[in-house]
>>> print(open('work_7.tsv').read())   # TSV, C-alpha atoms
chain	number	residue	atom	x	y	z
V	1307	MET	CA	-34.51	39.09	-2.47
V	1308	ARG	CA	-33.28	42.31	-3.98
V	1309	GLU	CA	-29.96	42.20	-5.79
V	1310	LYS	CA	-28.54	44.77	-3.42
V	1311	ASN	CA	-29.16	42.51	-0.44
V	1312	TYR	CA	-27.93	39.48	-2.28
V	1313	LYS	CA	-24.32	40.63	-2.60
V	1314	LEU	CA	-23.23	39.10	0.69
V	1315	LEU	CA	-25.10	35.92	-0.03
V	1316	PHE	CA	-23.59	35.84	-3.51
V	1317	ALA	CA	-20.13	36.02	-1.95
V	1318	GLY	CA	-21.15	33.14	0.31
V	1319	ARG	CA	-22.45	31.21	-2.67
V	1320	VAL	CA	-19.19	31.63	-4.58
V	1321	PHE	CA	-17.14	30.81	-1.49
V	1322	LEU	CA	-19.08	27.65	-0.68
V	1323	GLY	CA	-19.06	26.54	-4.31
V	1324	LEU	CA	-15.34	27.17	-4.75
V	1325	VAL	CA	-14.44	25.33	-1.54
V	1326	PHE	CA	-16.19	22.23	-2.87
V	1327	VAL	CA	-14.94	22.66	-6.43
V	1328	CYS	CA	-11.35	22.74	-5.11
V	1329	SER	CA	-11.91	19.90	-2.70
V	1330	GLY	CA	-13.54	17.67	-5.32
V	1331	PHE	CA	-11.14	18.57	-8.11
V	1332	ILE	CA	-8.01	17.84	-6.07
V	1333	LYS	CA	-9.39	14.49	-5.01
V	1334	LEU	CA	-10.38	13.61	-8.55
V	1335	MET	CA	-6.89	14.40	-9.80
V	1336	GLU	CA	-5.27	12.15	-7.21
V	1337	PRO	CA	-5.27	8.38	-7.13
V	1338	ILE	CA	-8.47	7.19	-5.53
V	1339	GLU	CA	-6.43	5.25	-2.98
V	1340	ASN	CA	-5.38	8.54	-1.39
V	1341	PHE	CA	-8.94	9.43	-0.51
V	1342	ARG	CA	-9.70	5.88	0.52
V	1343	GLY	CA	-6.69	5.99	2.81
V	1344	ALA	CA	-7.88	9.31	4.25
V	1345	MET	CA	-11.30	7.82	4.96
V	1346	THR	CA	-9.91	4.71	6.59
V	1347	ALA	CA	-8.29	7.00	9.15
V	1348	TYR	CA	-11.82	7.65	10.42
V	1349	ASP	CA	-12.51	4.41	12.21
V	1350	VAL	CA	-16.26	4.86	12.30
V	1351	ILE	CA	-16.73	4.58	8.53
V	1352	PRO	CA	-17.52	0.93	7.69
V	1353	SER	CA	-14.92	-0.49	5.34
V	1354	VAL	CA	-17.55	-1.81	2.93
V	1355	VAL	CA	-18.81	1.68	2.06
V	1356	ILE	CA	-15.39	3.31	1.69
V	1357	PRO	CA	-14.84	2.30	-1.98
V	1358	VAL	CA	-18.28	3.66	-2.92
V	1359	LEU	CA	-17.86	6.89	-0.97
V	1360	ALA	CA	-14.39	7.37	-2.43
V	1361	GLN	CA	-15.92	7.29	-5.91
V	1362	VAL	CA	-19.03	9.35	-5.22
V	1363	ILE	CA	-17.98	12.13	-2.85
V	1364	PRO	CA	-15.32	13.84	-5.04
V	1365	TRP	CA	-17.69	13.95	-8.01
V	1366	ALA	CA	-20.58	15.24	-5.89
V	1367	GLU	CA	-18.35	17.94	-4.41
V	1368	PHE	CA	-16.98	18.99	-7.77
V	1369	VAL	CA	-20.22	18.98	-9.76
V	1370	PHE	CA	-22.48	20.57	-7.13
V	1371	GLY	CA	-19.74	23.05	-6.21
V	1372	PHE	CA	-19.58	24.12	-9.85
V	1373	PHE	CA	-23.38	24.22	-10.08
V	1374	LEU	CA	-23.52	26.53	-7.08
V	1375	VAL	CA	-20.89	28.92	-8.41
V	1376	ALA	CA	-22.64	29.05	-11.78
V	1377	GLY	CA	-26.03	29.28	-10.13
V	1378	TYR	CA	-27.46	26.20	-11.77
V	1379	LEU	CA	-30.05	24.54	-9.49
V	1380	PRO	CA	-28.68	26.79	-6.74
V	1381	ARG	CA	-31.09	25.73	-4.03
V	1382	ILE	CA	-30.60	22.01	-4.60
V	1383	SER	CA	-26.83	22.42	-4.95
V	1384	ALA	CA	-26.63	24.50	-1.78
V	1385	GLY	CA	-28.74	21.90	0.04
V	1386	VAL	CA	-26.49	19.05	-1.10
V	1387	LEU	CA	-23.33	20.92	-0.11
V	1388	ALA	CA	-24.83	21.88	3.25
V	1389	GLY	CA	-25.65	18.19	3.77
V	1390	LEU	CA	-22.11	17.17	2.87
V	1391	SER	CA	-20.63	19.83	5.15
V	1392	TRP	CA	-22.80	18.77	8.05
V	1393	SER	CA	-22.00	15.08	7.49
V	1394	PHE	CA	-18.28	15.94	7.71
V	1395	VAL	CA	-18.88	17.76	10.98
V	1396	LEU	CA	-20.76	14.75	12.34
V	1397	LEU	CA	-18.06	12.37	11.11
V	1398	ILE	CA	-15.38	14.24	13.00
V	1399	LEU	CA	-17.43	14.58	16.16
V	1400	ILE	CA	-18.52	10.92	16.16
V	1401	THR	CA	-14.97	9.72	15.47
V	1402	LYS	CA	-13.64	11.85	18.30
V	1403	THR	CA	-16.35	10.64	20.68
V	1404	MET	CA	-16.07	6.96	19.84
V	1405	THR	CA	-12.35	6.53	19.39
V	1406	GLY	CA	-10.95	9.44	21.36
V	1407	SER	CA	-8.62	10.36	18.53
V	1408	LEU	CA	-8.68	12.05	15.16
V	1409	PRO	CA	-6.46	11.79	12.09
V	1410	LYS	CA	-3.77	14.46	11.84
V	1411	ASP	CA	-4.99	15.56	8.45
V	1412	CYS	CA	-8.68	15.70	7.63
V	1413	GLY	CA	-8.11	14.47	4.07
V	1414	CYS	CA	-10.65	17.00	2.81
V	1415	PHE	CA	-8.44	18.53	0.15
V	1416	GLY	CA	-6.60	15.44	-0.97
V	1417	GLU	CA	-3.21	14.27	0.16
V	1418	GLY	CA	-0.86	16.00	-2.24
V	1419	SER	CA	-2.36	19.48	-2.14
V	1420	PHE	CA	-1.01	22.60	-0.48
V	1421	LEU	CA	-4.05	22.77	1.77
V	1422	HIS	CA	-3.96	20.59	4.86
V	1423	LEU	CA	-6.48	21.30	7.56
V	1424	LYS	CA	-6.65	19.77	10.98
V	1425	PRO	CA	-9.98	18.15	11.82
V	1426	LEU	CA	-10.95	20.87	14.29
V	1427	GLN	CA	-10.28	23.58	11.69
V	1428	VAL	CA	-12.51	21.64	9.34
V	1429	VAL	CA	-15.29	21.54	11.91
V	1430	PHE	CA	-15.35	25.34	12.00
V	1431	LEU	CA	-15.17	25.62	8.22
V	1432	ASP	CA	-17.91	23.04	7.72
V	1433	VAL	CA	-20.23	24.54	10.32
V	1434	PHE	CA	-19.82	27.85	8.51
V	1435	ASN	CA	-20.42	26.16	5.15
V	1436	THR	CA	-23.50	24.39	6.49
V	1437	LEU	CA	-25.01	27.67	7.61
V	1438	ILE	CA	-24.30	29.34	4.26
V	1439	GLY	CA	-25.68	26.30	2.44
V	1440	ILE	CA	-28.89	26.28	4.46
V	1441	LYS	CA	-29.39	30.01	3.93
V	1442	LEU	CA	-28.83	29.62	0.18
V	1443	ALA	CA	-31.13	26.59	-0.01
V	1444	LEU	CA	-33.88	28.59	1.69
V	1445	THR	CA	-33.44	31.59	-0.61
V	1446	LYS	CA	-35.94	31.47	-3.45
V	1447	ASN	CA	-34.40	33.84	-5.96
V	1448	HIS	CA	-30.76	33.76	-6.93
V	1449	PRO	CA	-29.68	36.70	-9.09
V	1450	PHE	CA	-26.40	36.45	-11.03
V	1451	SER	CA	-27.13	32.82	-11.75
V	1452	LEU	CA	-27.81	30.48	-14.64
V	1453	ALA	CA	-31.10	29.68	-13.00
V	1454	SER	CA	-32.29	33.25	-13.39
V	1455	ILE	CA	-31.27	33.26	-17.07
V	1456	LEU	CA	-32.91	29.92	-17.83
V	1457	LYS	CA	-36.24	30.84	-16.17
M	588	MET	CA	-44.20	17.85	-13.42
M	589	LYS	CA	-43.12	20.36	-15.98
M	590	ILE	CA	-39.54	19.97	-17.12
M	591	ASN	CA	-37.66	22.92	-18.48
M	592	VAL	CA	-35.88	21.32	-21.45
M	593	LEU	CA	-33.39	24.14	-21.85
M	594	SER	CA	-32.48	23.97	-18.17
M	595	PHE	CA	-32.12	20.20	-18.32
M	596	LEU	CA	-29.92	20.35	-21.42
M	597	THR	CA	-27.78	23.07	-19.86
M	598	GLY	CA	-27.22	20.94	-16.76
M	599	LEU	CA	-26.41	17.92	-18.89
M	600	LEU	CA	-23.96	19.94	-20.95
M	601	ILE	CA	-22.24	21.28	-17.83
M	602	VAL	CA	-21.90	17.79	-16.35
M	603	VAL	CA	-20.56	16.36	-19.61
M	604	LEU	CA	-18.02	19.18	-19.89
M	605	LEU	CA	-16.94	18.82	-16.28
M	606	VAL	CA	-16.51	15.05	-16.54
M	607	ALA	CA	-14.68	15.32	-19.86
M	608	GLY	CA	-12.43	18.04	-18.43
M	609	VAL	CA	-11.53	16.00	-15.38
M	610	MET	CA	-10.91	12.89	-17.45
M	611	PHE	CA	-8.72	14.80	-19.88
M	612	LEU	CA	-6.65	16.42	-17.14
M	613	LYS	CA	-6.37	13.18	-15.25
M	614	SER	CA	-5.19	11.33	-18.33
M	615	ARG	CA	-2.42	13.91	-18.69
M	616	LYS	CA	-1.52	13.52	-15.01
M	617	VAL	CA	-1.35	17.23	-14.44
M	618	ALA	CA	-1.61	17.04	-10.66
M	619	PRO	CA	0.97	15.20	-8.61
M	620	VAL	CA	0.09	12.33	-6.34
M	621	LYS	CA	0.82	12.39	-2.64
M	622	GLN	CA	4.32	13.57	-1.94
M	623	LEU	CA	5.89	11.63	0.88
M	624	PRO	CA	9.33	10.28	1.67
M	625	VAL	CA	9.93	7.41	-0.66
M	626	THR	CA	11.97	4.25	-0.59
M	627	ALA	CA	13.92	2.78	-3.42
M	628	VAL	CA	10.93	0.74	-4.46
M	629	ALA	CA	8.40	3.56	-4.36
M	630	GLY	CA	6.28	4.29	-7.35
M	631	LEU	CA	6.58	0.76	-8.60
M	632	HIS	CA	5.42	-0.87	-5.45
M	633	ARG	CA	2.70	-3.41	-5.49
M	634	ALA	CA	2.38	-5.49	-2.38
M	635	PHE	CA	4.90	-8.27	-2.90
M	636	PRO	CA	3.56	-11.81	-3.02
M	637	LYS	CA	4.02	-13.32	0.41
M	638	VAL	CA	4.31	-17.03	-0.17
M	639	ILE	CA	5.62	-19.76	2.08
M	640	GLY	CA	5.97	-23.42	1.16
M	641	PRO	CA	7.17	-25.11	-2.02
M	642	GLU	CA	5.73	-24.22	-5.40
M	643	SER	CA	5.20	-27.94	-6.01
M	644	ALA	CA	2.94	-28.27	-2.94
M	645	PRO	CA	-0.36	-29.93	-3.88
M	646	VAL	CA	-2.31	-27.76	-1.41
M	647	LYS	CA	-2.27	-24.04	-2.12
M	648	LEU	CA	-3.93	-21.98	0.57
M	649	ILE	CA	-4.65	-18.27	0.36
M	650	GLU	CA	-5.19	-16.32	3.55
M	651	TYR	CA	-6.70	-12.85	3.89
M	652	SER	CA	-6.20	-11.55	7.35
M	653	ASP	CA	-5.72	-8.60	9.61
M	654	PHE	CA	-2.88	-8.41	12.11
M	655	GLU	CA	-5.00	-6.72	14.74
M	656	CYS	CA	-7.76	-9.29	14.54
M	657	PRO	CA	-7.72	-11.77	17.45
M	658	SER	CA	-9.37	-14.48	15.33
M	659	CYS	CA	-6.54	-14.21	12.83
M	660	ARG	CA	-4.05	-14.76	15.66
M	661	ILE	CA	-5.95	-17.83	16.78
M	662	ALA	CA	-6.07	-19.21	13.24
M	663	GLN	CA	-2.26	-19.17	13.13
M	664	GLY	CA	-2.35	-22.22	15.39
M	665	THR	CA	-4.21	-24.24	12.77
M	666	ILE	CA	-1.92	-23.00	10.02
M	667	ALA	CA	1.20	-23.89	11.98
M	668	GLN	CA	-0.35	-27.28	12.71
M	669	VAL	CA	-1.03	-28.14	9.05
M	670	PHE	CA	2.51	-27.09	8.11
M	671	ARG	CA	3.82	-29.46	10.78
M	672	ASP	CA	1.45	-32.31	9.88
M	673	TYR	CA	1.92	-32.17	6.12
M	674	PRO	CA	5.50	-31.02	5.52
M	675	GLY	CA	6.21	-30.02	1.92
M	676	LYS	CA	2.56	-30.40	0.96
M	677	ILE	CA	1.26	-26.93	1.81
M	678	GLN	CA	1.88	-23.57	0.23
M	679	LEU	CA	0.39	-20.49	1.90
M	680	THR	CA	-0.07	-17.10	0.28
M	681	TYR	CA	-0.75	-14.24	2.63
M	682	ARG	CA	-2.84	-11.26	1.51
M	683	HIS	CA	-3.45	-8.08	3.43
M	684	PHE	CA	-6.95	-7.30	4.62
M	685	PRO	CA	-6.60	-4.54	7.24
M	686	LEU	CA	-10.00	-3.85	8.77
M	687	THR	CA	-11.05	-0.25	9.18
M	688	SER	CA	-12.44	-0.95	12.62
M	689	HIS	CA	-8.94	-1.83	13.84
M	690	ARG	CA	-7.21	1.46	14.29
M	691	TRP	CA	-3.58	0.30	14.28
M	692	SER	CA	-4.05	-2.41	11.72
M	693	ILE	CA	-2.87	-0.48	8.70
M	694	TYR	CA	0.35	0.47	10.53
M	695	ALA	CA	0.96	-3.20	11.28
M	696	HIS	CA	0.35	-4.17	7.67
M	697	GLN	CA	2.64	-1.42	6.48
M	698	ALA	CA	5.35	-2.65	8.85
M	699	ALA	CA	4.89	-6.24	7.67
M	700	GLU	CA	5.04	-5.20	4.03
M	701	CYS	CA	8.19	-3.20	4.78
M	702	MET	CA	9.68	-6.33	6.27
M	703	GLN	CA	8.61	-8.31	3.21
M	704	ILE	CA	10.73	-5.92	1.15
M	705	GLN	CA	13.64	-7.05	3.32
M	706	GLY	CA	12.68	-10.72	3.03
M	707	LYS	CA	11.55	-11.01	6.66
M	708	PHE	CA	7.77	-11.06	6.39
M	709	TRP	CA	7.03	-14.44	7.95
M	710	PRO	CA	8.98	-14.12	11.19
M	711	TYR	CA	7.68	-10.59	11.47
M	712	GLN	CA	4.05	-11.64	11.08
M	713	ASP	CA	4.61	-14.20	13.84
M	714	LYS	CA	5.95	-11.42	16.01
M	715	LEU	CA	2.99	-9.18	15.22
M	716	TYR	CA	0.53	-11.90	16.21
M	717	GLU	CA	2.52	-12.87	19.28
M	718	LYS	CA	2.68	-9.26	20.48
M	719	GLN	CA	-0.80	-8.35	19.27
M	720	PRO	CA	-2.23	-7.72	22.77
M	721	GLU	CA	0.67	-5.36	23.46
M	722	TRP	CA	0.52	-3.13	20.39
M	723	ALA	CA	-3.22	-3.30	19.81
M	724	ALA	CA	-3.78	-1.81	23.25
M	725	SER	CA	-1.52	1.13	22.53
M	726	LYS	CA	-3.08	4.58	22.94
M	727	VAL	CA	-0.94	6.06	20.17
M	728	PRO	CA	0.07	4.60	16.80
M	729	PRO	CA	2.47	1.81	17.84
M	730	VAL	CA	5.07	2.69	15.23
M	731	GLU	CA	7.89	2.58	17.78
M	732	MET	CA	6.88	-0.92	18.83
M	733	PHE	CA	6.84	-2.04	15.22
M	734	GLY	CA	10.29	-0.53	14.82
M	735	ARG	CA	11.49	-2.42	17.89
M	736	TYR	CA	10.11	-5.71	16.55
M	737	ALA	CA	11.79	-5.01	13.21
M	738	ARG	CA	15.12	-4.30	14.93
M	739	GLU	CA	14.80	-7.58	16.80
M	740	GLN	CA	14.39	-9.32	13.45
M	741	GLY	CA	17.59	-7.70	12.18
M	742	ALA	CA	15.95	-5.29	9.75
M	743	ASP	CA	17.78	-2.47	8.00
M	744	MET	CA	16.20	0.29	10.04
M	745	ASN	CA	16.90	3.11	7.58
M	746	LEU	CA	15.02	1.26	4.89
M	747	PHE	CA	12.30	0.23	7.31
M	748	THR	CA	11.72	3.78	8.58
M	749	ALA	CA	11.60	5.25	5.09
M	750	CYS	CA	9.26	2.49	3.98
M	751	MET	CA	6.89	3.11	6.90
M	752	GLY	CA	6.17	6.58	5.50
M	753	ASP	CA	5.85	5.45	1.93
M	754	VAL	CA	2.34	5.86	0.56
M	755	ALA	CA	3.14	3.61	-2.39
M	756	VAL	CA	3.46	0.71	0.04
M	757	THR	CA	0.13	1.64	1.63
M	758	ARG	CA	-1.46	1.65	-1.80
M	759	GLY	CA	-0.14	-1.84	-2.45
M	760	ILE	CA	-1.74	-3.02	0.79
M	761	TYR	CA	-5.08	-1.48	-0.07
M	762	ALA	CA	-4.88	-2.92	-3.57
M	763	GLU	CA	-4.63	-6.38	-2.02
M	764	LYS	CA	-7.51	-5.59	0.29
M	765	GLU	CA	-9.55	-4.42	-2.66
M	766	GLU	CA	-8.86	-7.68	-4.42
M	767	GLY	CA	-10.19	-9.43	-1.33
M	768	ALA	CA	-13.26	-7.22	-1.33
M	769	ARG	CA	-13.87	-8.25	-4.93
M	770	ASN	CA	-13.83	-11.84	-3.68
M	771	GLN	CA	-16.65	-10.91	-1.30
M	772	ILE	CA	-14.48	-11.06	1.78
M	773	ASN	CA	-16.13	-9.35	4.72
M	774	ALA	CA	-14.51	-11.05	7.70
M	775	THR	CA	-11.05	-12.10	8.71
M	776	PRO	CA	-9.40	-14.48	8.54
M	777	THR	CA	-10.73	-15.91	5.30
M	778	PHE	CA	-8.94	-18.84	3.69
M	779	PHE	CA	-9.30	-20.12	0.17
M	780	LEU	CA	-8.41	-23.61	-0.92
M	781	GLY	CA	-9.22	-23.98	-4.58
M	782	GLY	CA	-12.87	-22.99	-4.85
M	783	GLU	CA	-13.58	-23.54	-1.16
M	784	ARG	CA	-13.68	-20.76	1.39
M	785	PHE	CA	-13.24	-21.00	5.14
M	786	VAL	CA	-14.08	-18.03	7.31
M	787	GLY	CA	-12.73	-17.76	10.83
M	788	PRO	CA	-10.41	-19.98	12.85
M	789	ARG	CA	-13.10	-22.44	13.82
M	790	GLU	CA	-14.28	-23.12	10.27
M	791	MET	CA	-10.68	-23.41	9.13
M	792	ARG	CA	-10.00	-25.95	11.87
M	793	GLU	CA	-13.23	-27.90	11.49
M	794	LYS	CA	-13.66	-27.86	7.72
M	795	GLY	CA	-10.42	-26.48	6.28
M	796	VAL	CA	-8.20	-29.18	7.73
M	797	ASN	CA	-10.42	-31.89	6.30
M	798	ALA	CA	-10.47	-30.11	2.96
M	799	ILE	CA	-6.67	-30.21	3.02
M	800	ARG	CA	-6.75	-33.91	3.83
M	801	ARG	CA	-9.19	-34.50	0.96
M	802	ALA	CA	-6.88	-32.63	-1.39
M	803	LEU	CA	-4.02	-34.85	-0.23
M	804	GLY	CA	-6.09	-38.00	-0.70
M	805	LEU	CA	-6.18	-38.72	3.04
M	806	PRO	CA	-9.22	-39.84	5.04
M	807	GLU	CA	-11.02	-37.04	6.84
M	808	PHE	CA	-10.87	-36.60	10.61
M	809	PRO	CA	-14.22	-37.22	12.33
M	810	VAL	CA	-13.25	-34.51	14.85
M	811	VAL	CA	-10.32	-32.24	14.13
M	812	PRO	CA	-8.10	-31.72	17.19
M	813	GLU	CA	-7.97	-28.16	18.48
M	814	PRO	CA	-4.56	-26.50	18.22
M	815	ALA	CA	-3.22	-24.20	20.89
M	816	VAL	CA	-3.15	-20.43	20.36
M	817	PRO	CA	0.20	-19.87	18.65
M	818	GLN	CA	3.24	-18.81	20.55
M	819	ALA	CA	6.43	-17.51	18.98
M	820	LYS	CA	8.10	-20.89	18.90
M	821	GLU	CA	5.05	-22.46	17.31
M	822	SER	CA	5.18	-20.26	14.26
M	823	LEU	CA	5.29	-21.11	10.59
M	824	PRO	CA	8.33	-22.86	9.16
M	825	PRO	CA	11.20	-20.69	7.88
M	826	ALA	CA	10.44	-18.92	4.62
M	827	LYS	CA	11.93	-20.37	1.48
M	828	LYS	CA	12.76	-18.26	-1.47
>>> encode(input="work_7.tsv", output="structure tokens")
Amino acid sequence: MREKNYKLLFAGRVFLGLVFVCSGFIKLMEPIENFRGAMTAYDVIPSVVIPVLAQVIPWAEFVFGFFLVAGYLPRISAGVLAGLSWSFVLLILITKTMTGSLPKDCGCFGEGSFLHLKPLQVVFLDVFNTLIGIKLALTKNHPFSLASILK
Amino acid sequence: MKINVLSFLTGLLIVVLLVAGVMFLKSRKVAPVKQLPVTAVAGLHRAFPKVIGPESAPVKLIEYSDFECPSCRIAQGTIAQVFRDYPGKIQLTYRHFPLTSHRWSIYAHQAAECMQIQGKFWPYQDKLYEKQPEWAASKVPPVEMFGRYAREQGADMNLFTACMGDVAVTRGIYAEKEEGARNQINATPTFFLGGERFVGPREMREKGVNAIRRALGLPEFPVVPEPAVPQAKESLPPAKK
């Protein structure tokens, strides 16, 4: 892809990366119980996996979000973030279908942050993020990235 | 597979820097924790020990249970029975284990913990079990029902309401649950008597009661009589401080 055509995709890359950097960082700064509590509001997540997910997800979001912004392993990072985004979409849809209700706050950006999204707002954001992530994962060359420097 | 050493080292360096940065910032507590209305006990709250029965009791039972779990309600019959049959010999410690699959459970545990702060946990837990079919069937979070039960128990409603929104109390509940998870608990109710574990009302009735009798130096029952499902009047004895 020529650099000229990449500008829009670059904006998408930075946007997607920053969304996850913020989301992961805020969760990492908060007590882990906050995120656990947010996850328990989704009744479909088995309680046995919640402690593990509460440890892993914030780090994955933060590290891969940073990787994507910096352009380190951009295709893998974009793929991981697209997977995470899509899993959040599925989580919300499955919870709504099975229980008929959704938590008031999605819990995506921690509990104490300024950013509180309703689950349906998150569905739109995450569908958008998934599409950007897939497009980035399918793009072979990523200019303005660490990957292009380290080649 | 060819590995680009420079690329690998760069990635490693980034990860190390990111982890170190987060750890450093976290250790300095730069970001605030969840801001919610707080009670007088907030910030310091750990779920209070919920103990009934004398400290000198030779049998010390620990119960992990969930207020929305029907089996836990049924097990209350056995517990009430052993308190009646062996007065002064049993001490019971209650520990929260709200199951994720029970959607109103955490609200019930929060309410019970808020009543514990006011010294009214045990009658309130009886009420929660007694009214379980009512509140568990609710379509919306049954916070009003919990408030009504608390009022009936003579709770200070200002304190109760503030406490119901207090995340520190919720954390205390989850901390207890986590402790249970570390003890490999995956079903409720689970009882511990010394090193023995009894899972579910049936096992508690069939094996737990005999384990209690063994601990008291009494002969075991060949068949343990089945207690009735508890009603309000058949609840645990009054709490002693």
>>> residues_around(input="work_7.tsv", residues="Leu679 in chain M", least_positions_apart="6", cutoff="7 Å", atoms="only C-alpha atoms", output="list in words")
Val638, Ile639, Gly640, Lys647, Leu648 and Ile649 of chain M
>>> closest_residue(input="work_7.tsv", among="V:Leu1334, V:Ser1407, V:Val1325, V:Trp1365", to="Val1428 in chain V", atoms="all atoms listed in the file")
V:Val1325
>>> closest_residue(input="work_7.tsv", among="V:Leu1423, V:Ala1453, V:Cys1414, V:Val1375", to="chain M", atoms="only C-alpha atoms")
V:Ala1453
>>> atom_distance(input="work_7.tsv", atom1="CA of Gln740 in chain M", atom2="CA of Phe708 in chain M")
9.8 Å
>>> closest_residue(input="work_7.tsv", among="M:Thr680, M:Asn773, M:Thr748, M:Gln705", to="chain V", atoms="only C-alpha atoms")
M:Asn773
>>> residues_around(input="work_7.tsv", residues="Ala698 in chain M", least_positions_apart="2", cutoff="10 Å", atoms="only C-alpha atoms", output="list in words")
Ser692, Ile693, Tyr694, Ala695, His696, Glu700, Cys701, Met702, Gln703, Ile704, Phe708, Tyr711, Gln712, Leu715, Val730, Phe733, Gly734, Tyr736, Ala737, Phe747, Thr748, Cys750, Met751, Gly752, Val756 and Thr757 of chain M
>>> atom_distance(input="work_7.tsv", atom1="CA of Pro729 in chain M", atom2="CA of Pro776 in chain M")
22.2 Å
>>> residues_around(input="work_7.tsv", residues="Asp1432 in chain V", least_positions_apart="5", cutoff="12 Å", atoms="only C-alpha atoms", output="mmCIF file with C-alpha atoms, in the frame of the given file")
data_model
loop_
_atom_site.group_PDB
_atom_site.id
_atom_site.type_symbol
_atom_site.label_atom_id
_atom_site.label_comp_id
_atom_site.auth_asym_id
_atom_site.auth_seq_id
_atom_site.Cartn_x
_atom_site.Cartn_y
_atom_site.Cartn_z
ATOM 1 C CA LEU V 1322 -19.080 27.650 -0.680
ATOM 2 C CA VAL V 1325 -14.440 25.330 -1.540
ATOM 3 C CA PHE V 1326 -16.190 22.230 -2.870
ATOM 4 C CA LEU V 1387 -23.330 20.920 -0.110
ATOM 5 C CA ALA V 1388 -24.830 21.880 3.250
ATOM 6 C CA GLY V 1389 -25.650 18.190 3.770
ATOM 7 C CA LEU V 1390 -22.110 17.170 2.870
ATOM 8 C CA SER V 1391 -20.630 19.830 5.150
ATOM 9 C CA TRP V 1392 -22.800 18.770 8.050
ATOM 10 C CA SER V 1393 -22.000 15.080 7.490
ATOM 11 C CA PHE V 1394 -18.280 15.940 7.710
ATOM 12 C CA VAL V 1395 -18.880 17.760 10.980
ATOM 13 C CA LEU V 1396 -20.760 14.750 12.340
ATOM 14 C CA LEU V 1397 -18.060 12.370 11.110
ATOM 15 C CA ILE V 1398 -15.380 14.240 13.000
ATOM 16 C CA LEU V 1399 -17.430 14.580 16.160
ATOM 17 C CA CYS V 1412 -8.680 15.700 7.630
ATOM 18 C CA CYS V 1414 -10.650 17.000 2.810
ATOM 19 C CA LEU V 1423 -6.480 21.300 7.560
ATOM 20 C CA PRO V 1425 -9.980 18.150 11.820
ATOM 21 C CA LEU V 1426 -10.950 20.870 14.290
ATOM 22 C CA GLN V 1427 -10.280 23.580 11.690
ATOM 23 C CA LEU V 1437 -25.010 27.670 7.610
ATOM 24 C CA ILE V 1438 -24.300 29.340 4.260
ATOM 25 C CA GLY V 1439 -25.680 26.300 2.440
ATOM 26 C CA ILE V 1440 -28.890 26.280 4.460
#
>>> atom_distance(input="work_7.tsv", atom1="CA of Leu805 in chain M", atom2="CA of Val669 in chain M")
13.2 Å
>>> residues_around(input="work_7.tsv", residues="Lys1446 in chain V", least_positions_apart="2", cutoff="10 Å", atoms="all atoms listed in the file", output="list in words")
Met1307, Pro1380, Arg1381, Lys1441, Leu1442, Ala1443, Leu1444, His1448 and Pro1449 of chain V
>>> closest_residue(input="work_7.tsv", among="V:Ile1382, V:Leu1456, V:Ala1344, V:Leu1408", to="chain M", atoms="only C-alpha atoms")
V:Leu1456
>>> residues_around(input="work_7.tsv", residues="Ala724 in chain M", least_positions_apart="2", cutoff="12 Å", atoms="all atoms listed in the file", output="ChimeraX atom specification")
/M:655,689-692,718-722,726-729,732
>>> closest_residue(input="work_7.tsv", among="M:Tyr673, M:Gln678, M:Phe684, M:Leu596", to="Glu763 in chain M", atoms="all atoms listed in the file")
M:Phe684
>>> closest_residue(input="work_7.tsv", among="V:Met1335, V:Ile1455, V:Ala1360, V:Leu1374", to="chain M", atoms="all atoms listed in the file")
V:Met1335
>>> decode(input="work_7.tsv", residues="range 1315-1341 of chain V", atoms="C-alpha atoms", output="PDB file, in the first residue's frame")
ATOM      1  CA  LEU V1315      -5.716   3.464   7.736  1.00  0.00           C
ATOM      2  CA  PHE V1316      -2.972   5.000   9.852  1.00  0.00           C
ATOM      3  CA  ALA V1317      -5.577   7.143  11.581  1.00  0.00           C
ATOM      4  CA  GLY V1318      -7.604   3.977  12.167  1.00  0.00           C
ATOM      5  CA  ARG V1319      -4.525   2.214  13.499  1.00  0.00           C
ATOM      6  CA  VAL V1320      -3.797   4.993  15.979  1.00  0.00           C
ATOM      7  CA  PHE V1321      -7.459   5.226  16.977  1.00  0.00           C
ATOM      8  CA  LEU V1322      -7.831   1.496  17.566  1.00  0.00           C
ATOM      9  CA  GLY V1323      -4.527   1.311  19.425  1.00  0.00           C
ATOM     10  CA  LEU V1324      -5.314   4.300  21.632  1.00  0.00           C
ATOM     11  CA  VAL V1325      -8.780   2.994  22.515  1.00  0.00           C
ATOM     12  CA  PHE V1326      -7.205  -0.193  23.835  1.00  0.00           C
ATOM     13  CA  VAL V1327      -4.247   1.554  25.462  1.00  0.00           C
ATOM     14  CA  CYS V1328      -6.686   3.750  27.422  1.00  0.00           C
ATOM     15  CA  SER V1329      -8.998   0.886  28.234  1.00  0.00           C
ATOM     16  CA  GLY V1330      -6.178  -1.373  29.436  1.00  0.00           C
ATOM     17  CA  PHE V1331      -4.296   1.347  31.285  1.00  0.00           C
ATOM     18  CA  ILE V1332      -7.317   2.532  33.263  1.00  0.00           C
ATOM     19  CA  LYS V1333      -8.138  -1.015  34.285  1.00  0.00           C
ATOM     20  CA  LEU V1334      -4.550  -1.699  35.282  1.00  0.00           C
ATOM     21  CA  MET V1335      -4.494   1.389  37.474  1.00  0.00           C
ATOM     22  CA  GLU V1336      -7.652   0.366  39.296  1.00  0.00           C
ATOM     23  CA  PRO V1337      -8.038  -2.412  41.823  1.00  0.00           C
ATOM     24  CA  ILE V1338      -8.570  -5.662  39.989  1.00  0.00           C
ATOM     25  CA  GLU V1339     -11.808  -6.174  41.906  1.00  0.00           C
ATOM     26  CA  ASN V1340     -13.380  -3.348  39.909  1.00  0.00           C
ATOM     27  CA  PHE V1341     -12.928  -5.190  36.647  1.00  0.00           C
TER      28      PHE V1341
END
